[in-house]
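Notes follow once the structure below has been shown.
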Amino acid sequence: MYKIVSIPGDGIGPEVVAGAVSVLEQLSRKHGFEIVIEEHPFGGASWELHGEMLTQATLDACRNCDAVLLGAVGGPKWESLPHEHKPEAALLKIRKELQLFANLRPAKVYDALIDASSLKADVVRGTDFLVFRELTGGIYFGQPRGFDENRGWNTMVYERYEVERIARLAFETARKRKGKVVSIDKANVLEVSQLWRNVVHELHKEFADVELSDMYVDNAAMQIVRNPKQFDVIVTSNLFGDILSDIAGMITGSLGMLPSASIGTKYALYEPIHGSAPDIASQNKANPIATIASVAMMFEHSFKVPEIAREIEQAIESALASGCRTADIANTGDRVISTTEMTEAIVRHLGA
Ligand code: NAD
Ligand code: IPM
Ligand code: MN
């Protein structure tokens, strides 16, 4: 039995999470295991219900399950709230409270979508890299922070142990892949990046079989679109990882394609990398694949059943190969299908 807490959130969150839940239900029917899904309010949706973006009940539920499935939070309705009350602050709180220090964001190109990318087919074909984004430190959490009428300030700070634990995961994972880690920083300007670089290199002594190189973040942004195939594993800080993974999204054709796993030592949460997409919310247009592929990551990392992760990825691949396209991955002339139609196609390809 798997107990999953779902927190759909705002905008397209509920639409894409519904897609992922259909996939979970199909897997349960097909393989005969029991899946209990408990839904809890989160973000703006929770604010409207309870006057709080993240209630103690939702947080407790996230601690009392095998894995959390998150849609997205935020939207224009809550943008003018003070920072600490914004839905985004609640997302940061959940990550911090559950100590989800590593955010794994795989950028893998499906063959069927090579022409959906805004980059040339030859550039994107065969891309397969994994970003380890540090998720509970850096400028997102550093103190002091604030702004007044004339000044705004944030603090980018990393402790040795924070760098070490994310770099360790990156090295360990690279060993099971192509054995190459690129650490991305801004050590030519930022002292915090110098510490980052020093710690990564010290740790590398334990992983001499893994090839390590450093890259400045501005160059990395360029290299990812110039030649994405050069990367295997990327390890980087919270803010740099946020930005670089959205860039990686476009290699795969759309932000709606990229899943993620946010993991710590005790808990794990699975979420697409995209946001609540207010521009297409409630229109049954969103691409549910990022969220469905996040379920594949859940089976891989939390439930340790990689065969089922592969089954989900295969069903996505088959649906795409048979021509299923939501608007974000469609080319001119393609028949565009809805969120629910894409979900149904993937469920069908999963088989019974
Ligand atoms: P966004 O990721 O929501 O959208 C960017 C663009 O990508 C939009 O044009 C959107 O329509 C498109 N897009 C995103 N996901 C898609 C999908 N699944 N299918 C098709 N198209 C998709 O980023 P934004 O517009 O900068 O932010 C909107 C809100 O979401 C903000 O409040 C932001 O803070 C929040 N946000 C939340 C998360 C999260 O909850 N993890 C992540 C990013 C942004
Ligand atoms: C993401 C988002 C979040 C982040 C925001 C909404 C807090 O952009 O998950 O990538 O910056 O981490
Ligand atoms: Mn982001």
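Chain identifiers are assigned as A, B, and so on, following the order in which chains appear in the structure tokens; residues are numbered from 1 within each chain, and ligands are numbered from 1 in order of appearance.
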Which residues are near Glu48 of chain A? Cut-off 12 Å, only C-alpha atoms, ignore same chain within fewer than 5 positions. Put them as a PDB file with N, CA and C atoms, in the first residue's frame.
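Now in part.pdb:
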```pdb
ATOM      1  N   GLY A   9      -2.935  22.687  -5.215  1.00  0.00           N
ATOM      2  CA  GLY A   9      -2.581  24.102  -5.248  1.00  0.00           C
ATOM      3  C   GLY A   9      -3.444  24.930  -6.176  1.00  0.00           C
ATOM      4  N   ASP A  10      -2.793  25.795  -6.954  1.00  0.00           N
ATOM      5  CA  ASP A  10      -3.505  26.848  -7.697  1.00  0.00           C
ATOM      6  C   ASP A  10      -3.347  26.707  -9.213  1.00  0.00           C
ATOM      7  N   PRO A  41      -5.539  21.030   0.999  1.00  0.00           N
ATOM      8  CA  PRO A  41      -5.411  22.359   0.394  1.00  0.00           C
ATOM      9  C   PRO A  41      -4.017  22.938   0.618  1.00  0.00           C
ATOM     10  N   PHE A  42      -3.584  23.760  -0.326  1.00  0.00           N
ATOM     11  CA  PHE A  42      -2.244  24.347  -0.256  1.00  0.00           C
ATOM     12  C   PHE A  42      -2.233  25.608  -1.105  1.00  0.00           C
ATOM     13  N   GLY A  43      -1.450  26.599  -0.702  1.00  0.00           N
ATOM     14  CA  GLY A  43      -1.296  27.816  -1.489  1.00  0.00           C
ATOM     15  C   GLY A  43      -2.546  28.685  -1.450  1.00  0.00           C
ATOM     16  N   MET A  53      -1.840  29.931   3.883  1.00  0.00           N
ATOM     17  CA  MET A  53      -1.350  29.270   2.668  1.00  0.00           C
ATOM     18  C   MET A  53      -0.934  27.825   2.933  1.00  0.00           C
ATOM     19  N   LEU A  54      -0.469  27.603   4.162  1.00  0.00           N
ATOM     20  CA  LEU A  54      -0.056  26.240   4.526  1.00  0.00           C
ATOM     21  C   LEU A  54      -0.522  25.991   5.952  1.00  0.00           C
ATOM     22  N   THR A  55      -1.522  25.135   6.105  1.00  0.00           N
ATOM     23  CA  THR A  55      -2.024  24.880   7.458  1.00  0.00           C
ATOM     24  C   THR A  55      -1.177  23.793   8.124  1.00  0.00           C
ATOM     25  N   LYS A  77      -3.951  36.727  -8.069  1.00  0.00           N
ATOM     26  CA  LYS A  77      -4.845  37.047  -6.964  1.00  0.00           C
ATOM     27  C   LYS A  77      -4.100  37.284  -5.652  1.00  0.00           C
ATOM     28  N   TRP A  78      -2.947  36.645  -5.492  1.00  0.00           N
ATOM     29  CA  TRP A  78      -2.230  36.716  -4.211  1.00  0.00           C
ATOM     30  C   TRP A  78      -0.902  37.440  -4.323  1.00  0.00           C
ATOM     31  N   PRO A  87       1.795  32.683  -1.629  1.00  0.00           N
ATOM     32  CA  PRO A  87       1.788  31.224  -1.794  1.00  0.00           C
ATOM     33  C   PRO A  87       3.207  30.671  -1.974  1.00  0.00           C
TER      34      PRO A  87
END
```
So which residues touch segment 257-260 of chain A within 9 Å, counting only C-alpha atoms, skipping near sequence neighbours fewer than 3 positions away, as a ChimeraX atom specification? /A:103-108,245-246,248-250,252-254,269-274,287-297,329
DSSP on the backbone, then: every residue of segment 127-319 of chain A marked alpha helix (DSSP H), written as a CSV table (one decimal) with N, CA and C atoms, in the first residue's frame.
```csv
chain,number,residue,atom,x,y,z
A,160,ARG,N,29.0,24.8,4.8
A,160,ARG,CA,29.7,23.7,4.3
A,160,ARG,C,28.8,22.4,4.2
A,161,TYR,N,28.1,22.1,5.2
A,161,TYR,CA,27.3,20.9,5.2
A,161,TYR,C,26.2,20.9,4.1
A,162,GLU,N,25.7,22.1,3.8
A,162,GLU,CA,24.7,22.2,2.8
A,162,GLU,C,25.2,21.9,1.4
A,163,VAL,N,26.4,22.3,1.2
A,163,VAL,CA,27.1,22.1,-0.1
A,163,VAL,C,27.5,20.6,-0.2
A,164,GLU,N,28.0,20.1,0.9
A,164,GLU,CA,28.5,18.7,0.9
A,164,GLU,C,27.4,17.7,0.6
A,165,ARG,N,26.2,17.9,1.2
A,165,ARG,CA,25.2,16.9,1.1
A,165,ARG,C,24.6,16.8,-0.3
A,166,ILE,N,24.5,18.0,-1.0
A,166,ILE,CA,23.9,18.0,-2.3
A,166,ILE,C,25.0,17.5,-3.3
A,167,ALA,N,26.3,17.9,-3.1
A,167,ALA,CA,27.3,17.5,-4.0
A,167,ALA,C,27.6,16.0,-3.9
A,168,ARG,N,27.4,15.4,-2.7
A,168,ARG,CA,27.6,14.0,-2.5
A,168,ARG,C,26.6,13.2,-3.3
A,169,LEU,N,25.3,13.7,-3.2
A,169,LEU,CA,24.2,13.0,-4.0
A,169,LEU,C,24.6,13.1,-5.5
A,170,ALA,N,25.0,14.3,-6.0
A,170,ALA,CA,25.4,14.4,-7.4
A,170,ALA,C,26.5,13.5,-7.8
A,171,PHE,N,27.5,13.4,-7.0
A,171,PHE,CA,28.6,12.5,-7.3
A,171,PHE,C,28.2,11.0,-7.3
A,172,GLU,N,27.4,10.6,-6.3
A,172,GLU,CA,26.9,9.2,-6.3
A,172,GLU,C,26.1,8.9,-7.5
A,173,THR,N,25.2,9.9,-7.9
A,173,THR,CA,24.3,9.6,-9.0
A,173,THR,C,25.2,9.5,-10.3
A,174,ALA,N,26.2,10.4,-10.4
A,174,ALA,CA,27.0,10.4,-11.7
A,174,ALA,C,27.7,9.1,-11.9
A,175,ARG,N,28.0,8.4,-10.7
A,175,ARG,CA,28.7,7.1,-10.8
A,175,ARG,C,27.8,6.1,-11.5
A,176,LYS,N,26.4,6.3,-11.4
A,176,LYS,CA,25.5,5.3,-12.0
A,176,LYS,C,25.1,5.8,-13.4
A,191,GLU,N,31.8,35.4,-3.1
A,191,GLU,CA,32.5,34.6,-2.1
A,191,GLU,C,31.8,33.3,-1.7
A,192,VAL,N,30.4,33.4,-1.7
A,192,VAL,CA,29.7,32.2,-1.3
A,192,VAL,C,29.9,31.1,-2.4
A,193,SER,N,30.1,31.5,-3.6
A,193,SER,CA,30.4,30.6,-4.7
A,193,SER,C,31.8,30.0,-4.5
A,194,GLN,N,32.7,30.8,-4.0
A,194,GLN,CA,34.1,30.3,-3.8
A,194,GLN,C,34.1,29.2,-2.7
A,195,LEU,N,33.3,29.4,-1.7
A,195,LEU,CA,33.1,28.3,-0.7
A,195,LEU,C,32.5,27.1,-1.3
A,196,TRP,N,31.5,27.3,-2.1
A,196,TRP,CA,30.8,26.2,-2.8
A,196,TRP,C,31.8,25.4,-3.6
A,197,ARG,N,32.6,26.1,-4.4
A,197,ARG,CA,33.6,25.4,-5.3
A,197,ARG,C,34.6,24.7,-4.5
A,198,ASN,N,35.1,25.3,-3.4
A,198,ASN,CA,36.1,24.6,-2.5
A,198,ASN,C,35.6,23.3,-1.9
A,199,VAL,N,34.3,23.4,-1.4
A,199,VAL,CA,33.8,22.2,-0.8
A,199,VAL,C,33.5,21.1,-1.8
A,200,VAL,N,33.0,21.5,-3.0
A,200,VAL,CA,32.8,20.5,-4.0
A,200,VAL,C,34.1,19.8,-4.4
A,201,HIS,N,35.2,20.6,-4.5
A,201,HIS,CA,36.5,20.0,-4.9
A,201,HIS,C,37.1,19.1,-3.8
A,202,GLU,N,36.9,19.5,-2.5
A,202,GLU,CA,37.3,18.7,-1.4
A,202,GLU,C,36.6,17.3,-1.4
A,203,LEU,N,35.3,17.4,-1.6
A,203,LEU,CA,34.5,16.2,-1.6
A,203,LEU,C,34.9,15.3,-2.8
A,204,HIS,N,35.3,15.9,-3.8
A,204,HIS,CA,35.6,15.1,-5.1
A,204,HIS,C,36.7,14.1,-4.8
A,217,VAL,N,28.0,30.4,-14.1
A,217,VAL,CA,26.5,30.3,-14.4
A,217,VAL,C,26.1,31.0,-15.7
A,218,ASP,N,26.8,32.1,-16.0
A,218,ASP,CA,26.4,32.8,-17.2
A,218,ASP,C,26.8,32.0,-18.4
A,219,ASN,N,28.0,31.4,-18.4
A,219,ASN,CA,28.4,30.5,-19.5
A,219,ASN,C,27.6,29.3,-19.5
A,220,ALA,N,27.2,28.8,-18.4
A,220,ALA,CA,26.4,27.5,-18.3
A,220,ALA,C,25.0,27.8,-19.0
A,221,ALA,N,24.4,28.9,-18.8
A,221,ALA,CA,23.1,29.2,-19.5
A,221,ALA,C,23.3,29.2,-21.0
A,222,MET,N,24.4,29.7,-21.4
A,222,MET,CA,24.7,29.6,-22.9
A,222,MET,C,25.0,28.2,-23.4
A,223,GLN,N,25.9,27.5,-22.6
A,223,GLN,CA,26.2,26.1,-23.0
A,223,GLN,C,25.0,25.2,-23.1
A,224,ILE,N,24.1,25.4,-22.2
A,224,ILE,CA,22.9,24.5,-22.2
A,224,ILE,C,22.1,24.6,-23.5
A,225,VAL,N,22.0,25.8,-24.1
A,225,VAL,CA,21.3,25.9,-25.4
A,225,VAL,C,22.3,25.7,-26.5
A,226,ARG,N,23.6,25.9,-26.3
A,226,ARG,CA,24.5,25.7,-27.4
A,226,ARG,C,24.7,24.2,-27.7
A,238,ASN,N,20.5,27.0,-5.2
A,238,ASN,CA,19.0,27.2,-5.3
A,238,ASN,C,18.6,28.1,-6.5
A,239,LEU,N,19.1,29.3,-6.5
A,239,LEU,CA,18.7,30.3,-7.5
A,239,LEU,C,19.2,29.9,-8.9
A,240,PHE,N,20.4,29.5,-9.0
A,240,PHE,CA,21.0,29.2,-10.3
A,240,PHE,C,20.2,28.0,-10.9
A,241,GLY,N,19.9,27.0,-10.0
A,241,GLY,CA,19.2,25.8,-10.5
A,241,GLY,C,17.8,26.1,-10.9
A,242,ASP,N,17.2,27.0,-10.3
A,242,ASP,CA,15.8,27.4,-10.7
A,242,ASP,C,15.8,28.0,-12.1
A,243,ILE,N,16.8,28.9,-12.4
A,243,ILE,CA,16.8,29.5,-13.7
A,243,ILE,C,17.3,28.5,-14.8
A,244,LEU,N,18.4,27.8,-14.5
A,244,LEU,CA,18.9,26.9,-15.5
A,244,LEU,C,17.9,25.8,-15.9
A,245,SER,N,17.1,25.3,-14.9
A,245,SER,CA,16.2,24.2,-15.2
A,245,SER,C,15.0,24.7,-16.1
A,246,ASP,N,14.6,26.0,-16.0
A,246,ASP,CA,13.6,26.5,-16.9
A,246,ASP,C,14.2,26.5,-18.3
A,247,ILE,N,15.4,26.9,-18.4
A,247,ILE,CA,16.1,26.9,-19.8
A,247,ILE,C,16.1,25.5,-20.3
A,248,ALA,N,16.4,24.5,-19.4
A,248,ALA,CA,16.5,23.1,-19.9
A,248,ALA,C,15.1,22.7,-20.3
A,249,GLY,N,14.1,23.2,-19.7
A,249,GLY,CA,12.7,22.9,-20.1
A,249,GLY,C,12.5,23.1,-21.6
A,250,MET,N,13.0,24.1,-22.2
A,250,MET,CA,12.8,24.4,-23.6
A,250,MET,C,13.5,23.4,-24.5
A,251,ILE,N,14.5,22.8,-24.0
A,251,ILE,CA,15.2,21.7,-24.8
A,251,ILE,C,14.2,20.6,-25.1
A,289,ILE,N,2.1,16.2,-18.6
A,289,ILE,CA,3.2,15.2,-18.7
A,289,ILE,C,4.3,15.5,-17.6
A,290,ALA,N,4.6,16.8,-17.3
A,290,ALA,CA,5.6,17.0,-16.2
A,290,ALA,C,5.1,16.4,-14.9
A,291,THR,N,3.8,16.5,-14.6
A,291,THR,CA,3.3,16.0,-13.3
A,291,THR,C,3.3,14.5,-13.4
A,292,ILE,N,2.8,13.9,-14.5
A,292,ILE,CA,2.8,12.4,-14.6
A,292,ILE,C,4.2,11.8,-14.6
A,293,ALA,N,5.1,12.5,-15.2
A,293,ALA,CA,6.5,12.0,-15.1
A,293,ALA,C,7.1,12.2,-13.7
A,294,SER,N,6.5,13.1,-12.9
A,294,SER,CA,7.0,13.3,-11.5
A,294,SER,C,6.5,12.0,-10.7
A,295,VAL,N,5.4,11.4,-11.1
A,295,VAL,CA,4.9,10.2,-10.5
A,295,VAL,C,5.9,9.1,-10.8
A,296,ALA,N,6.5,9.1,-12.0
A,296,ALA,CA,7.5,8.1,-12.4
A,296,ALA,C,8.7,8.2,-11.4
A,297,MET,N,9.1,9.5,-11.2
A,297,MET,CA,10.2,9.7,-10.2
A,297,MET,C,9.9,9.2,-8.8
A,298,MET,N,8.6,9.3,-8.5
A,298,MET,CA,8.1,8.9,-7.2
A,298,MET,C,8.3,7.4,-7.0
A,299,PHE,N,8.0,6.6,-8.1
A,299,PHE,CA,8.2,5.2,-8.1
A,299,PHE,C,9.6,4.8,-8.0
A,300,GLU,N,10.4,5.6,-8.7
A,300,GLU,CA,11.9,5.3,-8.7
A,300,GLU,C,12.5,5.6,-7.3
A,301,HIS,N,12.3,6.8,-6.8
A,301,HIS,CA,13.0,7.3,-5.7
A,301,HIS,C,12.4,6.9,-4.3
A,306,PRO,N,11.7,0.8,-9.9
A,306,PRO,CA,12.1,1.4,-11.2
A,306,PRO,C,11.3,0.9,-12.4
A,307,GLU,N,10.9,-0.4,-12.3
A,307,GLU,CA,10.1,-1.0,-13.5
A,307,GLU,C,8.9,-0.2,-13.7
A,308,ILE,N,8.2,0.3,-12.7
A,308,ILE,CA,7.0,1.0,-12.9
A,308,ILE,C,7.3,2.5,-13.4
A,309,ALA,N,8.4,3.0,-12.9
A,309,ALA,CA,8.8,4.3,-13.4
A,309,ALA,C,9.0,4.2,-14.9
A,310,ARG,N,9.7,3.1,-15.4
A,310,ARG,CA,9.9,2.9,-16.8
A,310,ARG,C,8.6,2.8,-17.5
A,311,GLU,N,7.6,2.1,-16.9
A,311,GLU,CA,6.3,1.8,-17.5
A,311,GLU,C,5.6,3.2,-17.8
A,312,ILE,N,5.7,4.1,-16.8
A,312,ILE,CA,5.0,5.4,-17.0
A,312,ILE,C,5.7,6.2,-18.1
A,313,GLU,N,7.1,6.2,-18.1
A,313,GLU,CA,7.8,6.9,-19.1
A,313,GLU,C,7.5,6.3,-20.5
A,314,GLN,N,7.4,5.0,-20.6
A,314,GLN,CA,7.1,4.3,-21.8
A,314,GLN,C,5.7,4.8,-22.3
A,315,ALA,N,4.7,4.8,-21.4
A,315,ALA,CA,3.4,5.2,-21.8
A,315,ALA,C,3.4,6.7,-22.3
A,316,ILE,N,4.2,7.5,-21.7
A,316,ILE,CA,4.3,8.9,-22.1
A,316,ILE,C,4.9,8.9,-23.6
A,317,GLU,N,6.0,8.2,-23.7
A,317,GLU,CA,6.6,8.1,-25.0
A,317,GLU,C,5.7,7.6,-26.1
A,318,SER,N,4.9,6.6,-25.8
A,318,SER,CA,4.0,6.0,-26.8
A,318,SER,C,2.9,7.0,-27.1
A,319,ALA,N,2.4,7.7,-26.1
A,319,ALA,CA,1.3,8.7,-26.4
A,319,ALA,C,1.9,9.8,-27.3
```
Check which residues fall inside 6 Å of ligand 1 when counting only C-alpha atoms and all ligand atoms, and print them as a PDB file with N, CA and C atoms, in the first residue's frame.
```
ATOM      1  N   ALA A  72       1.098  23.125  -8.318  1.00  0.00           N
ATOM      2  CA  ALA A  72       1.821  24.404  -8.384  1.00  0.00           C
ATOM      3  C   ALA A  72       1.054  25.405  -7.525  1.00  0.00           C
ATOM      4  N   VAL A  73       1.735  26.460  -7.128  1.00  0.00           N
ATOM      5  CA  VAL A  73       1.049  27.499  -6.358  1.00  0.00           C
ATOM      6  C   VAL A  73       1.311  28.873  -6.950  1.00  0.00           C
ATOM      7  N   GLY A  74       0.460  29.804  -6.545  1.00  0.00           N
ATOM      8  CA  GLY A  74       0.668  31.203  -6.919  1.00  0.00           C
ATOM      9  C   GLY A  74      -0.296  31.670  -7.986  1.00  0.00           C
ATOM     10  N   GLY A  75      -0.340  32.992  -8.146  1.00  0.00           N
ATOM     11  CA  GLY A  75      -1.222  33.579  -9.148  1.00  0.00           C
ATOM     12  C   GLY A  75      -1.467  35.033  -8.840  1.00  0.00           C
ATOM     13  N   GLU A  88       4.058  31.435  -2.658  1.00  0.00           N
ATOM     14  CA  GLU A  88       5.426  30.976  -2.917  1.00  0.00           C
ATOM     15  C   GLU A  88       6.185  30.773  -1.598  1.00  0.00           C
ATOM     16  N   LEU A 255       8.072  23.737 -20.913  1.00  0.00           N
ATOM     17  CA  LEU A 255       8.164  23.697 -19.451  1.00  0.00           C
ATOM     18  C   LEU A 255       7.206  22.630 -18.915  1.00  0.00           C
ATOM     19  N   GLY A 256       6.164  22.363 -19.676  1.00  0.00           N
ATOM     20  CA  GLY A 256       5.161  21.367 -19.275  1.00  0.00           C
ATOM     21  C   GLY A 256       5.649  19.936 -19.361  1.00  0.00           C
ATOM     22  N   ILE A 273       8.296  21.188 -12.695  1.00  0.00           N
ATOM     23  CA  ILE A 273       9.102  22.391 -12.419  1.00  0.00           C
ATOM     24  C   ILE A 273       8.351  23.665 -12.767  1.00  0.00           C
ATOM     25  N   HIS A 274       7.270  23.530 -13.548  1.00  0.00           N
ATOM     26  CA  HIS A 274       6.549  24.731 -13.960  1.00  0.00           C
ATOM     27  C   HIS A 274       5.660  25.279 -12.843  1.00  0.00           C
ATOM     28  N   GLY A 275       5.105  26.456 -13.095  1.00  0.00           N
ATOM     29  CA  GLY A 275       4.249  27.098 -12.119  1.00  0.00           C
ATOM     30  C   GLY A 275       2.773  26.888 -12.397  1.00  0.00           C
ATOM     31  N   SER A 276       1.957  27.801 -11.876  1.00  0.00           N
ATOM     32  CA  SER A 276       0.505  27.627 -11.924  1.00  0.00           C
ATOM     33  C   SER A 276      -0.085  28.123 -13.243  1.00  0.00           C
ATOM     34  N   ALA A 277       0.755  28.668 -14.130  1.00  0.00           N
ATOM     35  CA  ALA A 277       0.358  29.086 -15.481  1.00  0.00           C
ATOM     36  C   ALA A 277      -1.022  29.759 -15.519  1.00  0.00           C
ATOM     37  N   PRO A 278      -1.169  30.900 -14.844  1.00  0.00           N
ATOM     38  CA  PRO A 278      -2.487  31.562 -14.779  1.00  0.00           C
ATOM     39  C   PRO A 278      -3.052  31.859 -16.174  1.00  0.00           C
ATOM     40  N   ASP A 279      -2.162  32.029 -17.157  1.00  0.00           N
ATOM     41  CA  ASP A 279      -2.653  32.383 -18.509  1.00  0.00           C
ATOM     42  C   ASP A 279      -3.463  31.269 -19.166  1.00  0.00           C
ATOM     43  N   ILE A 280      -3.297  30.032 -18.707  1.00  0.00           N
ATOM     44  CA  ILE A 280      -4.070  28.941 -19.330  1.00  0.00           C
ATOM     45  C   ILE A 280      -4.894  28.155 -18.297  1.00  0.00           C
ATOM     46  N   ALA A 286      -3.525  22.674 -20.204  1.00  0.00           N
ATOM     47  CA  ALA A 286      -2.167  22.457 -19.683  1.00  0.00           C
ATOM     48  C   ALA A 286      -1.651  21.071 -20.037  1.00  0.00           C
ATOM     49  N   ASN A 287      -0.354  20.978 -20.201  1.00  0.00           N
ATOM     50  CA  ASN A 287       0.296  19.701 -20.452  1.00  0.00           C
ATOM     51  C   ASN A 287       0.495  18.980 -19.104  1.00  0.00           C
ATOM     52  N   PRO A 288      -0.104  17.801 -18.935  1.00  0.00           N
ATOM     53  CA  PRO A 288       0.031  17.101 -17.642  1.00  0.00           C
ATOM     54  C   PRO A 288       1.292  16.234 -17.553  1.00  0.00           C
ATOM     55  N   ASP A 328       1.132  23.357 -25.998  1.00  0.00           N
ATOM     56  CA  ASP A 328       2.516  23.815 -25.771  1.00  0.00           C
ATOM     57  C   ASP A 328       3.548  23.027 -26.575  1.00  0.00           C
TER      58      ASP A 328
END
```
Quick one: residues within 10 Å of segment 142-154 of chain A, only C-alpha atoms, excluding same-chain residues fewer than 5 positions away - as a list in words?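 Selected residues are His83, Thr136 and Gly137 of chain A.
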Output C-alpha atoms for every residue in the selection just made, as a short mmCIF file (atom, residue, chain, number, x, y, z; two decimals), in the first residue's frame.
```
data_model
loop_
_atom_site.label_atom_id
_atom_site.label_comp_id
_atom_site.auth_asym_id
_atom_site.auth_seq_id
_atom_site.Cartn_x
_atom_site.Cartn_y
_atom_site.Cartn_z
CA HIS A 83 6.10 38.40 1.06
CA THR A 136 16.70 24.63 1.21
CA GLY A 137 19.51 27.17 1.32
#
```
I need the residue nearest ligand 2 from this list: A:Glu34, A:Glu79, A:Glu39, A:Glu344. Use only C-alpha atoms and all ligand atoms for the distance. A:Glu79
Show which residues sit within 12 Å of Thr58 of chain A, as a PyMOL selection string. Count only C-alpha atoms, and ignore same-chain residues fewer than 2 positions away. chain A and resi 5-9+38-43+46+50+52-56+60-65+68+70+90-91+93-94+97
Please produce a file of those selected residues containing N, CA and C atoms, as a CSV table (one decimal), in the first residue's frame.
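Heads up, here's the output in out-v1.csv:
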```csv
chain,number,residue,atom,x,y,z
A,5,VAL,N,0.0,11.9,-0.4
A,5,VAL,CA,-0.7,13.1,-0.1
A,5,VAL,C,-0.6,14.0,-1.3
A,6,SER,N,-1.8,14.5,-1.8
A,6,SER,CA,-1.7,15.3,-3.0
A,6,SER,C,-2.1,16.8,-2.6
A,7,ILE,N,-1.3,17.7,-3.0
A,7,ILE,CA,-1.6,19.1,-2.7
A,7,ILE,C,-1.6,19.9,-4.0
A,8,PRO,N,-2.8,19.9,-4.7
A,8,PRO,CA,-2.8,20.4,-6.1
A,8,PRO,C,-2.5,21.9,-6.2
A,9,GLY,N,-2.9,22.7,-5.2
A,9,GLY,CA,-2.6,24.1,-5.2
A,9,GLY,C,-3.4,24.9,-6.2
A,38,GLU,N,-4.7,11.1,-0.4
A,38,GLU,CA,-5.4,12.0,0.5
A,38,GLU,C,-5.1,13.5,0.0
A,39,GLU,N,-6.1,14.2,-0.4
A,39,GLU,CA,-5.9,15.5,-0.9
A,39,GLU,C,-6.0,16.6,0.2
A,40,HIS,N,-5.1,17.6,0.1
A,40,HIS,CA,-5.1,18.7,1.1
A,40,HIS,C,-4.9,20.0,0.4
A,41,PRO,N,-5.5,21.0,1.0
A,41,PRO,CA,-5.4,22.4,0.4
A,41,PRO,C,-4.0,22.9,0.6
A,42,PHE,N,-3.6,23.8,-0.3
A,42,PHE,CA,-2.2,24.3,-0.3
A,42,PHE,C,-2.2,25.6,-1.1
A,43,GLY,N,-1.4,26.6,-0.7
A,43,GLY,CA,-1.3,27.8,-1.5
A,43,GLY,C,-2.5,28.7,-1.4
A,46,SER,N,-5.7,27.2,-0.3
A,46,SER,CA,-5.8,27.1,1.2
A,46,SER,C,-6.1,28.4,1.9
A,50,HIS,N,-8.9,28.7,4.5
A,50,HIS,CA,-8.5,28.8,5.9
A,50,HIS,C,-7.8,30.0,6.3
A,52,GLU,N,-4.9,30.7,5.5
A,52,GLU,CA,-3.5,30.4,5.6
A,52,GLU,C,-3.0,29.7,4.4
A,53,MET,N,-1.8,29.9,3.9
A,53,MET,CA,-1.3,29.3,2.7
A,53,MET,C,-0.9,27.8,2.9
A,54,LEU,N,-0.5,27.6,4.2
A,54,LEU,CA,-0.1,26.2,4.5
A,54,LEU,C,-0.5,26.0,6.0
A,55,THR,N,-1.5,25.1,6.1
A,55,THR,CA,-2.0,24.9,7.5
A,55,THR,C,-1.2,23.8,8.1
A,56,GLN,N,-1.3,23.8,9.4
A,56,GLN,CA,-0.5,22.7,10.2
A,56,GLN,C,-1.0,21.3,9.8
A,60,ASP,N,1.3,18.4,8.5
A,60,ASP,CA,1.4,17.2,9.3
A,60,ASP,C,1.1,16.0,8.3
A,61,ALA,N,0.1,16.2,7.4
A,61,ALA,CA,-0.2,15.2,6.4
A,61,ALA,C,1.0,14.8,5.6
A,62,CYS,N,1.8,15.8,5.2
A,62,CYS,CA,2.9,15.6,4.3
A,62,CYS,C,4.0,14.8,5.1
A,63,ARG,N,4.0,14.9,6.4
A,63,ARG,CA,4.9,14.1,7.2
A,63,ARG,C,4.4,12.7,7.5
A,64,ASN,N,3.1,12.4,7.1
A,64,ASN,CA,2.5,11.1,7.5
A,64,ASN,C,2.1,10.4,6.2
A,65,CYS,N,3.0,10.3,5.3
A,65,CYS,CA,2.6,9.6,4.1
A,65,CYS,C,3.9,9.0,3.4
A,68,VAL,N,4.7,12.9,-1.3
A,68,VAL,CA,3.8,14.0,-1.6
A,68,VAL,C,3.8,14.4,-3.0
A,70,LEU,N,2.8,17.4,-5.6
A,70,LEU,CA,2.4,18.8,-5.6
A,70,LEU,C,2.1,19.3,-7.0
A,90,ALA,N,4.9,29.8,1.1
A,90,ALA,CA,4.4,28.5,1.7
A,90,ALA,C,5.1,27.3,1.1
A,91,LEU,N,5.4,27.4,-0.2
A,91,LEU,CA,6.2,26.4,-0.9
A,91,LEU,C,7.6,26.3,-0.3
A,93,LYS,N,8.4,27.1,2.6
A,93,LYS,CA,8.2,26.6,4.0
A,93,LYS,C,8.1,25.1,4.0
A,94,ILE,N,7.3,24.6,3.1
A,94,ILE,CA,7.2,23.1,3.0
A,94,ILE,C,8.5,22.4,2.7
A,97,GLU,N,10.6,22.8,5.9
A,97,GLU,CA,10.1,22.0,7.1
A,97,GLU,C,10.4,20.5,6.8
```
Take atom CA of Gly264 of chain A and atom CA of Gly13 of chain A and report the distance between them in Å, one decimal.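 It comes out at 22.9 Å.
Nearest residue to Val21 of chain A, choosing from A:Ala268, A:Val347, A:Thr326, A:Ala352 and counting only C-alpha atoms: A:Val347.
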